[in-house]
$ cat run08.txt   # compact mmCIF, C-alpha atoms
# COMPACT_ATOMS: atom_id res chain seq x y z
CA MET A 1 17.10 -1.10 -35.81
CA THR A 2 19.56 1.30 -34.16
CA ASP A 3 20.65 4.38 -36.10
CA LYS A 4 24.34 4.71 -36.79
CA LYS A 5 24.91 7.66 -34.49
CA GLU A 6 22.83 9.26 -31.83
CA TRP A 7 21.85 12.92 -32.14
CA PRO A 8 23.68 15.15 -29.66
CA LEU A 9 22.00 16.08 -26.38
CA TRP A 10 20.99 19.73 -25.92
CA GLU A 11 20.19 21.45 -22.63
CA VAL A 12 17.19 23.76 -22.92
CA PHE A 13 16.78 27.11 -21.14
CA ILE A 14 13.54 29.09 -21.27
CA ARG A 15 12.84 32.67 -20.24
CA SER A 16 9.28 32.63 -18.98
CA GLN A 17 8.61 36.39 -19.03
CA HIS A 18 10.45 39.53 -19.97
CA GLY A 19 12.60 40.60 -17.07
CA LEU A 20 13.32 37.12 -15.75
CA ALA A 21 16.47 35.08 -16.44
CA HIS A 22 16.49 32.00 -18.69
CA ARG A 23 16.00 28.91 -16.59
CA HIS A 24 17.05 25.32 -17.27
CA VAL A 25 13.94 23.24 -18.04
CA GLY A 26 15.33 19.98 -19.40
CA SER A 27 17.09 18.47 -22.38
CA LEU A 28 16.43 16.85 -25.74
CA HIS A 29 18.17 15.30 -28.73
CA ALA A 30 18.44 17.09 -32.08
CA PRO A 31 20.82 17.02 -35.06
CA ASP A 32 21.59 20.76 -34.93
CA ALA A 33 20.85 23.95 -33.00
CA GLU A 34 18.02 25.02 -35.28
CA MET A 35 16.15 21.75 -34.85
CA ALA A 36 16.90 21.79 -31.14
CA ILE A 37 15.10 25.14 -30.80
CA MET A 38 12.14 23.89 -32.82
CA ASN A 39 11.90 20.72 -30.77
CA ALA A 40 12.30 22.69 -27.54
CA ARG A 41 9.31 24.79 -28.54
CA ASP A 42 7.16 21.67 -28.94
CA VAL A 43 8.49 19.82 -25.90
CA TYR A 44 8.84 22.62 -23.36
CA THR A 45 6.50 25.50 -24.33
CA ARG A 46 3.18 23.89 -25.29
CA ARG A 47 1.37 26.17 -22.84
CA ASN A 48 2.94 29.56 -23.41
CA GLU A 49 5.72 28.88 -20.92
CA GLY A 50 8.27 31.02 -22.69
CA VAL A 51 9.21 34.12 -24.61
CA SER A 52 12.76 33.02 -25.42
CA ILE A 53 14.65 29.74 -25.82
CA TRP A 54 18.35 29.00 -25.46
CA VAL A 55 19.82 25.60 -26.38
CA VAL A 56 23.37 24.54 -25.51
CA ARG A 57 25.09 21.31 -26.42
CA ALA A 58 25.29 19.31 -23.18
CA SER A 59 28.88 18.38 -24.05
CA ASP A 60 29.84 22.11 -24.05
CA ILE A 61 28.78 22.63 -20.44
CA ALA A 62 31.52 22.55 -17.81
CA ALA A 63 30.20 21.63 -14.37
CA SER A 64 31.57 21.65 -10.84
CA SER A 65 32.12 18.21 -9.40
CA PRO A 66 29.57 17.01 -6.84
CA SER A 67 32.31 15.34 -4.78
CA GLU A 68 34.11 18.68 -4.36
CA LYS A 69 30.99 20.43 -3.19
CA GLY A 70 32.40 20.78 0.34
CA PRO A 71 35.70 22.56 -0.39
CA LEU A 72 34.23 24.53 -3.31
CA PHE A 73 31.53 26.26 -1.32
CA ASP A 74 33.33 26.23 2.02
CA PRO A 75 34.62 29.84 1.80
CA ALA A 76 31.09 31.23 2.08
CA ASN A 77 30.16 29.14 5.10
CA SER A 78 31.88 31.25 7.75
CA LYS A 79 30.69 34.61 6.47
CA VAL A 80 27.37 35.10 8.18
CA TYR A 81 27.94 38.87 8.17
CA ARG A 82 27.08 38.83 4.46
CA HIS A 83 23.43 38.37 5.39
CA PRO A 84 21.23 41.26 6.53
CA THR A 85 19.91 39.18 9.44
CA PHE A 86 23.40 39.29 11.01
CA TYR A 87 22.74 42.88 12.10
CA GLU A 88 20.40 43.96 14.81
CA ILE A 89 18.54 47.17 14.12
CA PRO A 90 16.65 48.89 16.98
CA GLU A 91 12.96 48.11 16.71
CA GLU A 92 11.88 51.74 17.10
CA LEU A 93 13.55 52.49 13.74
CA GLY A 94 11.01 50.29 11.94
CA HIS A 95 11.86 48.63 8.65
CA MET A 96 15.34 48.95 7.18
CA MET B 1 0.96 1.86 -12.68
CA TYR B 2 2.85 3.21 -15.67
CA ALA B 3 5.75 1.22 -14.24
CA GLN B 4 4.50 -2.08 -12.85
CA MET B 5 6.33 -4.63 -10.68
CA VAL B 6 9.75 -3.03 -11.05
CA LYS B 7 12.50 -5.39 -9.85
CA THR B 8 15.32 -4.00 -7.71
CA GLY B 9 17.75 -6.92 -7.95
CA VAL B 10 17.94 -7.19 -4.14
CA ASP B 11 16.92 -10.22 -2.11
CA HIS B 12 16.68 -8.55 1.28
CA ILE B 13 16.72 -5.08 2.80
CA GLN B 14 20.17 -4.24 4.14
CA SER B 15 20.48 -2.96 7.68
CA LYS B 16 22.64 0.13 8.18
CA GLU B 17 25.34 -2.12 9.71
CA GLU B 18 25.56 -4.24 6.55
CA MET B 19 26.04 -1.19 4.34
CA SER B 20 29.38 0.13 3.15
CA PRO B 21 30.22 3.67 4.35
CA GLU B 22 29.21 5.04 0.92
CA GLU B 23 25.90 3.17 0.97
CA ARG B 24 25.19 4.40 4.48
CA ALA B 25 25.95 8.01 3.56
CA PHE B 26 23.67 7.64 0.54
CA GLN B 27 20.80 6.18 2.57
CA ASP B 28 21.21 8.93 5.19
CA ARG B 29 20.80 11.57 2.51
CA VAL B 30 17.69 9.85 1.13
CA ASP B 31 16.29 9.63 4.68
CA GLN B 32 16.83 13.37 5.10
CA ASP B 33 14.97 14.04 1.83
CA ILE B 34 18.10 15.40 0.14
CA LYS B 35 17.75 14.90 -3.61
CA ILE B 36 20.22 12.64 -5.39
CA GLU B 37 21.66 14.24 -8.54
CA PRO B 38 23.06 12.52 -11.67
CA LYS B 39 26.81 12.58 -11.08
CA GLU B 40 26.72 11.78 -7.37
CA TRP B 41 27.61 8.38 -6.02
CA MET B 42 24.66 5.98 -5.86
CA PRO B 43 24.33 2.22 -5.32
CA GLU B 44 24.37 0.31 -8.60
CA ALA B 45 21.04 -1.34 -7.75
CA TYR B 46 19.44 2.08 -7.20
CA ARG B 47 20.71 3.27 -10.59
CA LYS B 48 19.54 0.15 -12.42
CA THR B 49 16.14 0.07 -10.74
CA LEU B 50 15.57 3.72 -11.59
CA ILE B 51 16.50 3.12 -15.24
CA ARG B 52 13.97 0.26 -15.35
CA GLN B 53 11.26 2.28 -13.64
CA ILE B 54 11.73 5.55 -15.54
CA SER B 55 12.10 3.88 -18.94
CA GLN B 56 8.99 1.73 -18.37
CA HIS B 57 7.15 4.89 -17.50
CA ALA B 58 8.48 6.62 -20.65
CA HIS B 59 7.60 3.66 -22.89
CA SER B 60 4.06 3.72 -21.44
CA GLU B 61 3.67 7.36 -22.43
CA ILE B 62 4.84 6.58 -25.97
CA ILE B 63 2.69 3.47 -26.46
CA GLY B 64 -0.14 5.27 -24.66
CA MET B 65 -0.50 7.58 -27.66
CA GLN B 66 -1.86 4.69 -29.74
CA PRO B 67 -5.23 3.87 -28.13
CA GLU B 68 -6.17 7.54 -28.12
CA GLY B 69 -4.59 8.37 -31.48
CA ASN B 70 -7.04 5.82 -32.85
CA TRP B 71 -9.86 8.39 -32.44
CA ILE B 72 -8.22 11.63 -33.59
CA THR B 73 -9.64 11.43 -37.10
CA ARG B 74 -13.05 10.33 -35.82
CA ALA B 75 -13.59 12.71 -32.89
CA PRO B 76 -17.24 13.86 -32.80
CA THR B 77 -16.49 17.61 -33.06
CA LEU B 78 -13.61 19.82 -34.16
CA GLU B 79 -13.18 20.98 -30.55
CA ARG B 80 -12.92 17.40 -29.25
CA LYS B 81 -10.43 16.66 -32.00
CA ALA B 82 -8.23 19.63 -31.06
CA ILE B 83 -8.38 18.60 -27.39
CA LEU B 84 -7.49 15.00 -28.17
CA LEU B 85 -4.59 16.08 -30.40
CA ALA B 86 -3.25 18.29 -27.60
CA LYS B 87 -3.54 15.43 -25.13
CA VAL B 88 -1.76 12.91 -27.35
CA GLN B 89 0.97 15.48 -28.00
CA ASP B 90 1.35 15.89 -24.22
CA GLU B 91 1.87 12.12 -23.90
CA ALA B 92 4.74 12.33 -26.39
CA GLY B 93 6.17 15.22 -24.38
CA HIS B 94 5.90 13.24 -21.14
CA GLY B 95 7.74 10.36 -22.78
CA LEU B 96 10.52 12.74 -23.80
CA TYR B 97 10.87 14.30 -20.32
CA LEU B 98 11.19 10.81 -18.88
CA TYR B 99 13.68 9.49 -21.46
CA CYS B 100 15.89 12.49 -20.64
CA ALA B 101 15.64 11.70 -16.92
CA ALA B 102 16.60 8.06 -17.62
CA GLU B 103 19.57 9.15 -19.75
CA THR B 104 21.08 11.04 -16.80
CA LEU B 105 21.64 7.58 -15.28
CA GLY B 106 23.95 6.51 -18.09
CA VAL B 107 21.66 4.71 -20.54
CA SER B 108 21.50 6.06 -24.12
CA ARG B 109 18.36 7.03 -26.03
CA ASP B 110 19.22 4.51 -28.72
CA GLU B 111 19.38 1.71 -26.16
CA LEU B 112 15.99 2.73 -24.78
CA MET B 113 14.43 2.86 -28.26
CA GLU B 114 15.93 -0.51 -29.09
CA GLN B 115 14.49 -2.02 -25.88
CA LEU B 116 11.04 -0.69 -26.73
CA ASN B 117 11.03 -1.61 -30.42
CA SER B 118 12.42 -5.10 -29.86
CA GLY B 119 9.67 -5.88 -27.37
CA LYS B 120 12.20 -6.39 -24.60
CA ALA B 121 11.00 -3.43 -22.56
CA LYS B 122 7.76 -3.45 -20.61
CA TYR B 123 5.11 -0.76 -20.61
CA SER B 124 1.89 -0.46 -18.64
CA SER B 125 -0.67 -3.26 -19.08
CA ILE B 126 -3.45 -0.72 -19.60
CA PHE B 127 -2.37 0.26 -23.12
CA ASN B 128 -2.99 -3.22 -24.45
CA TYR B 129 -6.75 -2.74 -24.37
CA PRO B 130 -8.63 -1.52 -27.47
CA THR B 131 -10.54 1.75 -27.84
CA ILE B 132 -13.61 0.57 -29.69
CA THR B 133 -15.98 3.51 -29.18
CA TRP B 134 -15.61 7.27 -28.65
CA ALA B 135 -16.66 6.79 -25.02
CA ASP B 136 -13.38 4.91 -24.47
CA ILE B 137 -11.54 8.21 -24.97
CA GLY B 138 -13.56 9.76 -22.16
CA ALA B 139 -13.02 6.71 -19.96
CA ILE B 140 -9.26 6.73 -20.54
CA GLY B 141 -8.90 10.39 -19.56
CA TRP B 142 -11.10 9.99 -16.51
CA LEU B 143 -9.95 6.57 -15.25
CA VAL B 144 -6.51 5.84 -16.73
CA ASP B 145 -5.13 9.35 -16.32
CA GLY B 146 -6.89 9.54 -12.96
CA ALA B 147 -5.07 6.39 -11.82
CA ALA B 148 -1.77 7.68 -13.22
CA ILE B 149 -2.13 10.94 -11.26
CA MET B 150 -2.58 8.95 -8.02
CA ASN B 151 0.89 7.55 -8.52
CA GLN B 152 2.60 10.54 -10.11
CA VAL B 153 1.68 13.16 -7.52
CA PRO B 154 3.65 11.46 -4.70
CA LEU B 155 6.52 10.71 -7.13
CA GLN B 156 7.13 14.46 -7.41
CA ARG B 157 8.82 14.01 -4.02
CA CYS B 158 10.96 11.04 -5.07
CA SER B 159 14.66 10.97 -4.18
CA TYR B 160 16.13 11.28 -7.68
CA GLY B 161 16.31 14.94 -8.80
CA PRO B 162 15.77 14.57 -12.57
CA TYR B 163 12.87 12.11 -12.08
CA SER B 164 11.24 14.34 -9.50
CA ARG B 165 11.53 17.38 -11.81
CA ALA B 166 10.07 15.43 -14.76
CA MET B 167 7.17 14.34 -12.53
CA ILE B 168 6.49 17.94 -11.51
CA ARG B 169 6.19 18.99 -15.16
CA ILE B 170 4.02 15.99 -15.98
CA CYS B 171 1.62 16.50 -13.07
CA LYS B 172 1.08 20.12 -14.09
CA GLU B 173 -0.21 18.90 -17.46
CA GLU B 174 -1.95 15.71 -16.38
CA SER B 175 -4.86 17.39 -14.65
CA PHE B 176 -6.13 18.63 -18.02
CA HIS B 177 -6.10 15.04 -19.26
CA GLN B 178 -8.34 13.76 -16.52
CA ARG B 179 -10.74 16.68 -16.66
CA GLN B 180 -11.22 16.54 -20.42
CA GLY B 181 -12.00 12.82 -20.06
CA TYR B 182 -14.58 13.38 -17.35
CA ASP B 183 -16.05 16.21 -19.40
CA ALA B 184 -16.46 13.90 -22.43
CA MET B 185 -18.07 11.24 -20.19
CA THR B 186 -20.44 13.83 -18.73
CA LYS B 187 -21.61 14.83 -22.21
CA LEU B 188 -22.37 11.20 -23.05
CA ALA B 189 -23.97 10.38 -19.70
CA ARG B 190 -26.36 13.32 -20.11
CA GLY B 191 -27.03 12.58 -23.78
CA THR B 192 -29.43 10.21 -25.50
CA PRO B 193 -30.07 6.74 -23.98
CA GLU B 194 -27.70 5.31 -26.61
CA GLN B 195 -24.96 7.75 -25.62
CA LYS B 196 -25.44 6.97 -21.94
CA ALA B 197 -25.24 3.25 -22.73
CA MET B 198 -21.96 3.89 -24.55
CA ALA B 199 -20.55 5.66 -21.49
CA GLN B 200 -21.66 2.77 -19.25
CA ASP B 201 -20.13 0.22 -21.61
CA ALA B 202 -16.81 2.08 -21.59
CA LEU B 203 -16.83 2.20 -17.77
CA ASN B 204 -17.60 -1.55 -17.70
CA ARG B 205 -14.60 -2.33 -19.87
CA TRP B 206 -12.06 0.13 -18.36
CA TRP B 207 -12.84 -0.15 -14.65
CA TRP B 208 -10.98 -3.37 -13.87
CA PRO B 209 -7.99 -2.75 -16.16
CA SER B 210 -7.64 0.65 -14.43
CA LEU B 211 -7.49 -1.03 -11.01
CA MET B 212 -4.86 -3.43 -12.44
CA MET B 213 -2.66 -0.46 -13.31
CA PHE B 214 -1.57 -0.22 -9.66
CA GLY B 215 -0.17 -3.75 -9.85
CA PRO B 216 -0.80 -6.73 -7.55
CA SER B 217 -0.60 -6.29 -3.80
CA ASP B 218 3.02 -5.58 -2.90
CA ALA B 219 2.67 -5.77 0.87
CA GLU B 220 5.10 -8.72 0.93
CA SER B 221 7.40 -7.63 -1.90
CA VAL B 222 11.06 -7.07 -1.10
CA HIS B 223 11.36 -4.98 -4.29
CA SER B 224 8.65 -2.60 -3.16
CA ALA B 225 10.15 -2.37 0.32
CA GLN B 226 13.55 -1.54 -1.19
CA SER B 227 12.07 1.00 -3.61
CA MET B 228 10.21 2.67 -0.77
CA ARG B 229 13.39 2.81 1.30
CA TRP B 230 15.09 4.52 -1.64
CA LYS B 231 12.06 6.81 -1.96
CA ILE B 232 11.51 6.02 -5.61
CA LYS B 233 8.16 4.51 -4.62
CA ILE B 234 6.14 6.43 -2.08
CA ASN B 235 2.93 4.44 -1.48
CA SER B 236 2.04 0.76 -1.68
CA ASN B 237 -0.03 -0.51 -4.60
CA ASP B 238 -3.00 -1.34 -2.36
CA GLU B 239 -2.92 2.07 -0.76
CA LEU B 240 -3.06 3.85 -4.11
CA ARG B 241 -5.74 1.51 -5.48
CA GLN B 242 -7.96 2.20 -2.44
CA LYS B 243 -7.43 5.93 -2.86
CA PHE B 244 -8.39 5.69 -6.52
CA VAL B 245 -11.58 3.71 -5.77
CA ASP B 246 -12.58 6.14 -3.01
CA GLN B 247 -12.10 9.10 -5.30
CA THR B 248 -13.70 7.63 -8.43
CA VAL B 249 -16.88 5.95 -7.16
CA PRO B 250 -18.63 9.25 -6.27
CA GLN B 251 -17.63 10.61 -9.69
CA ALA B 252 -19.32 7.63 -11.37
CA GLU B 253 -22.42 8.11 -9.19
CA TYR B 254 -22.56 11.76 -10.19
CA LEU B 255 -22.70 10.67 -13.82
CA GLY B 256 -25.47 8.20 -13.02
CA LEU B 257 -23.21 5.32 -14.11
CA THR B 258 -22.73 2.02 -12.29
CA VAL B 259 -19.30 0.72 -11.34
CA PRO B 260 -19.18 -2.92 -12.56
CA ASP B 261 -18.38 -4.49 -9.18
CA PRO B 262 -21.15 -6.29 -7.22
CA ASP B 263 -18.94 -6.27 -4.09
CA LEU B 264 -18.47 -2.51 -4.08
CA LYS B 265 -19.92 -0.86 -0.97
CA TRP B 266 -19.08 1.91 1.45
CA ASN B 267 -17.54 0.67 4.69
CA ALA B 268 -18.34 3.30 7.31
CA GLU B 269 -16.09 1.63 9.86
CA ARG B 270 -13.00 1.83 7.63
CA GLY B 271 -14.03 5.10 6.01
CA HIS B 272 -13.30 3.51 2.63
CA TYR B 273 -15.09 1.58 -0.09
CA ASP B 274 -14.79 -2.20 0.01
CA PHE B 275 -14.37 -3.64 -3.46
CA GLY B 276 -14.04 -6.99 -5.23
CA GLU B 277 -10.92 -8.92 -6.15
CA VAL B 278 -9.14 -7.96 -9.36
CA ASN B 279 -8.70 -10.76 -11.91
CA TRP B 280 -4.93 -11.07 -11.61
CA ASP B 281 -4.75 -13.94 -14.12
CA GLU B 282 -5.86 -11.47 -16.76
CA PHE B 283 -3.24 -8.98 -15.61
CA TYR B 284 -0.42 -11.55 -15.83
CA GLN B 285 -1.63 -12.62 -19.28
CA VAL B 286 -1.55 -9.01 -20.50
CA ILE B 287 1.95 -8.30 -19.19
CA ALA B 288 3.15 -11.61 -20.64
CA GLY B 289 2.21 -10.25 -24.08
CA ASN B 290 -1.19 -11.89 -24.48
CA GLY B 291 -3.51 -8.92 -24.01
CA PRO B 292 -6.00 -7.93 -26.71
CA CYS B 293 -3.61 -5.45 -28.44
CA ASN B 294 0.01 -6.26 -27.42
CA ARG B 295 1.17 -7.36 -30.87
CA ASP B 296 -0.64 -4.57 -32.65
CA ARG B 297 0.85 -1.90 -30.35
CA LEU B 298 4.40 -3.10 -30.97
CA ARG B 299 3.87 -3.48 -34.72
CA THR B 300 2.50 0.07 -34.97
CA ARG B 301 5.40 1.41 -32.90
CA VAL B 302 8.07 -0.28 -35.06
CA LYS B 303 6.32 0.82 -38.26
CA ALA B 304 6.27 4.46 -37.11
CA TYR B 305 9.96 4.24 -36.21
CA GLU B 306 10.94 2.71 -39.55
CA GLU B 307 8.78 5.04 -41.60
CA GLY B 308 10.31 8.03 -39.80
CA ARG B 309 13.82 6.93 -40.66
CA TRP B 310 14.09 9.05 -43.82
CA VAL B 311 13.16 12.16 -41.79
CA ARG B 312 15.93 11.45 -39.29
CA ASP B 313 18.38 10.76 -42.11
CA ALA B 314 17.43 13.99 -43.88
CA ALA B 315 17.83 16.01 -40.68
CA ASP B 316 21.26 14.41 -40.17
CA ALA B 317 22.34 15.16 -43.76
CA TYR B 318 21.14 18.76 -43.50
CA ALA B 319 22.98 19.30 -40.20
CA ALA B 320 26.17 17.82 -41.68
CA LYS B 321 25.91 20.01 -44.80
CA LYS B 322 25.41 23.17 -42.75
CA ALA B 323 28.30 22.29 -40.43
CA ALA B 324 30.58 21.68 -43.44
CA ARG B 325 29.60 25.03 -44.99
CA ALA B 326 30.21 26.89 -41.75
CA LYS B 327 33.62 25.24 -41.48
CA ALA B 328 34.54 26.14 -45.10
CA LYS B 329 33.46 29.73 -44.50
CA ALA B 330 35.59 30.00 -41.36
CA ALA B 331 38.67 28.61 -43.14

$ encode --input "run08.txt" --output "structure tokens"
Amino acid sequence: MTDKKEWPLWEVFIRSQHGLAHRHVGSLHAPDAEMAIMNARDVYTRRNEGVSIWVVRASDIAASSPSEKGPLFDPANSKVYRHPTFYEIPEELGHM
Amino acid sequence: MYAQMVKTGVDHIQSKEEMSPEERAFQDRVDQDIKIEPKEWMPEAYRKTLIRQISQHAHSEIIGMQPEGNWITRAPTLERKAILLAKVQDEAGHGLYLYCAAETLGVSRDELMEQLNSGKAKYSSIFNYPTITWADIGAIGWLVDGAAIMNQVPLQRCSYGPYSRAMIRICKEESFHQRQGYDAMTKLARGTPEQKAMAQDALNRWWWPSLMMFGPSDAESVHSAQSMRWKIKINSNDELRQKFVDQTVPQAEYLGLTVPDPDLKWNAERGHYDFGEVNWDEFYQVIAGNGPCNRDRLRTRVKAYEEGRWVRDAADAYAAKKAARAKAKAA
């Protein structure tokens, strides 16, 4: 009953409107990129959710390791001065 | 529910002291509502239980296309036909979202297909009942999808990231399913006496199987307790069933239809409806494979898979040919 080889997994990214970035929406199996885009249209944009589709083979994505989350993002932790709320602006100046 | 009586493989709930440091850290994150993502460490029992639960849910969506697909060519108007087609297509989509979520836990699509087609995998008891009149399509949308929503809305908050995200997509689409069903029932209930009788007959046949969807009382179940601790189950079966009854009875009254339960009555003290006992013997018969349509559903599923083989083979051959040409061109 099982086919000889499974179709590769593709990650699907959809841009919902012009001006916004493509966003990951899910994944699907397809034999090639062309079919992956056609399937993505049927699986992920049945209600006008997109104006553009990207598909990427899941095996081509390099990802950071969850177990190294601590050390990887640690450098940003101590730099509160990167946020606007770090600075106090006199109230009489109004919005800045 | 779409996944019924999911086993966890545990025989008691571990206390924090009994847990390994990894297990404790995991449980702490779940307790703090931090989502668990695919490659992070998780207890083996959590992973296996989730695969069982998500794949059962996915199989239910796939098999669930059959009872409704039965009426696509016989829908009473072109509009109803277009609506029903869109709904059945959504069910296929929901199955696909869920298979993808299950695959992030390390099971392959082929394994999942094999489990479904061989009859090894379970799917919801509800899809083993026949759709003998058009009113059944209305009743399924209203009652079956209504019951599914009861369970799926809280699951949007479940602890496993990919499952939670799939549930969010599904819930967005599911509301259309219930409303189109109620709309079809309304048309019949306000139609000729024959049409109203059809609507009543469909309610009579689908009411109890819909209540069975939530599964037997799990107040004493160690599996449910474990699943709730892991936050892959949010409410007890009885809780959801009560909520469904409370929500649905006024909807039936509005249609002028009678819920087929002589024990049904409002309990002002509890602020809920009291209702009769579900026939659990029937439920166990259906999940054991002896419902009215179990064999037919599986046969249809396997036939569709086998008859689609040449399409999959052709797509494979075409992809291989194109890849070979691209390679030759590059060389």

$ closest_atom_pairs --input "run08.txt" --of "chain A" --to "chain B" --cutoff "12 Å" --atoms "only C-alpha atoms" --output "Markdown table"
| residue | atom | partner | partner_atom | distance |
| --- | --- | --- | --- | --- |
| A:Met1 | CA | B:Glu114 | CA | 6.8 |
| A:Thr2 | CA | B:Asp110 | CA | 6.3 |
| A:Asp3 | CA | B:Asp110 | CA | 7.5 |
| A:Lys4 | CA | B:Asp110 | CA | 9.6 |
| A:Lys5 | CA | B:Asp110 | CA | 8.7 |
| A:Glu6 | CA | B:Asp110 | CA | 6.7 |
| A:Trp7 | CA | B:Asp316 | CA | 8.2 |
| A:Pro8 | CA | B:Arg109 | CA | 10.4 |
| A:Leu9 | CA | B:Cys100 | CA | 9.1 |
| A:Trp10 | CA | B:Cys100 | CA | 10.3 |
| A:Glu11 | CA | B:Cys100 | CA | 10.1 |
| A:Val12 | CA | B:Cys100 | CA | 11.6 |
| A:His24 | CA | B:Arg165 | CA | 11.1 |
| A:Val25 | CA | B:Arg165 | CA | 8.9 |
| A:Gly26 | CA | B:Tyr97 | CA | 7.3 |
| A:Ser27 | CA | B:Cys100 | CA | 6.3 |
| A:Leu28 | CA | B:Cys100 | CA | 6.7 |
| A:His29 | CA | B:Arg109 | CA | 8.7 |
| A:Ala30 | CA | B:Ala315 | CA | 8.7 |
| A:Pro31 | CA | B:Asp316 | CA | 5.8 |
| A:Asp32 | CA | B:Ala319 | CA | 5.6 |
| A:Ala33 | CA | B:Ala319 | CA | 8.8 |
| A:Glu34 | CA | B:Ala319 | CA | 9.0 |
| A:Met35 | CA | B:Ala315 | CA | 8.4 |
| A:Ala36 | CA | B:Ala319 | CA | 11.2 |
| A:Asn39 | CA | B:Gly93 | CA | 10.2 |
| A:Ala40 | CA | B:Gly93 | CA | 10.2 |
| A:Arg41 | CA | B:Gly93 | CA | 10.9 |
| A:Asp42 | CA | B:Gly93 | CA | 8.0 |
| A:Val43 | CA | B:Gly93 | CA | 5.4 |
| A:Tyr44 | CA | B:Gly93 | CA | 7.9 |
| A:Thr45 | CA | B:Gly93 | CA | 10.3 |
| A:Arg46 | CA | B:Asp90 | CA | 8.3 |
| A:Arg47 | CA | B:Glu173 | CA | 9.2 |
| A:Glu49 | CA | B:Arg169 | CA | 11.5 |
| A:Ala58 | CA | B:Thr104 | CA | 11.3 |
| A:Ala63 | CA | B:Lys39 | CA | 10.2 |
| A:Ser64 | CA | B:Lys39 | CA | 10.2 |
| A:Ser65 | CA | B:Lys39 | CA | 7.9 |
| A:Pro66 | CA | B:Glu40 | CA | 6.0 |
| A:Ser67 | CA | B:Glu40 | CA | 7.1 |
| A:Glu68 | CA | B:Glu40 | CA | 10.5 |
| A:Lys69 | CA | B:Glu40 | CA | 10.5 |

$ atom_distance --input "run08.txt" --atom1 "atom CA of B:Gln247" --atom2 "atom CA of B:Asp263"
16.9 Å

$ closest_residue --input "run08.txt" --among "B:Ser60, B:Ser124, B:Gln32, B:Gln226" --to "B:Ser159" --atoms "only C-alpha atoms"
B:Gln32

$ atom_distance --input "run08.txt" --atom1 "atom CA of B:Lys35" --atom2 "atom CA of B:Gln242"
28.7 Å

$ atom_distance --input "run08.txt" --atom1 "atom CA of A:Ser52" --atom2 "atom CA of B:Lys172"
20.8 Å

$ residues_around --input "run08.txt" --residues "B:Ala148" --least-positions-apart "4" --cutoff "9 Å" --atoms "all atoms listed in the file" --output "MDAnalysis selection string"
chainID B and resid 1:2 143:144 152:153 174 213:214

$ write_last_selection --input "run08.txt" --atoms "C-alpha atoms" --output "PDB file, in the coordinates of the input"
ATOM      1  CA  MET B   1       0.960   1.860 -12.680  1.00  0.00           C
ATOM      2  CA  TYR B   2       2.850   3.210 -15.670  1.00  0.00           C
ATOM      3  CA  LEU B 143      -9.950   6.570 -15.250  1.00  0.00           C
ATOM      4  CA  VAL B 144      -6.510   5.840 -16.730  1.00  0.00           C
ATOM      5  CA  GLN B 152       2.600  10.540 -10.110  1.00  0.00           C
ATOM      6  CA  VAL B 153       1.680  13.160  -7.520  1.00  0.00           C
ATOM      7  CA  GLU B 174      -1.950  15.710 -16.380  1.00  0.00           C
ATOM      8  CA  MET B 213      -2.660  -0.460 -13.310  1.00  0.00           C
ATOM      9  CA  PHE B 214      -1.570  -0.220  -9.660  1.00  0.00           C
TER      10      PHE B 214
END

$ residues_around --input "run08.txt" --residues "A:Gly19" --least-positions-apart "3" --cutoff "12 Å" --atoms "all atoms listed in the file" --output "list in words"
Arg15, Ser16, His22, Gly50, Val51 and Ser52 of chain A

$ closest_residue --input "run08.txt" --among "B:Glu253, B:Glu220, B:Glu91, B:Asp201" --to "B:His59" --atoms "only C-alpha atoms"
B:Glu91
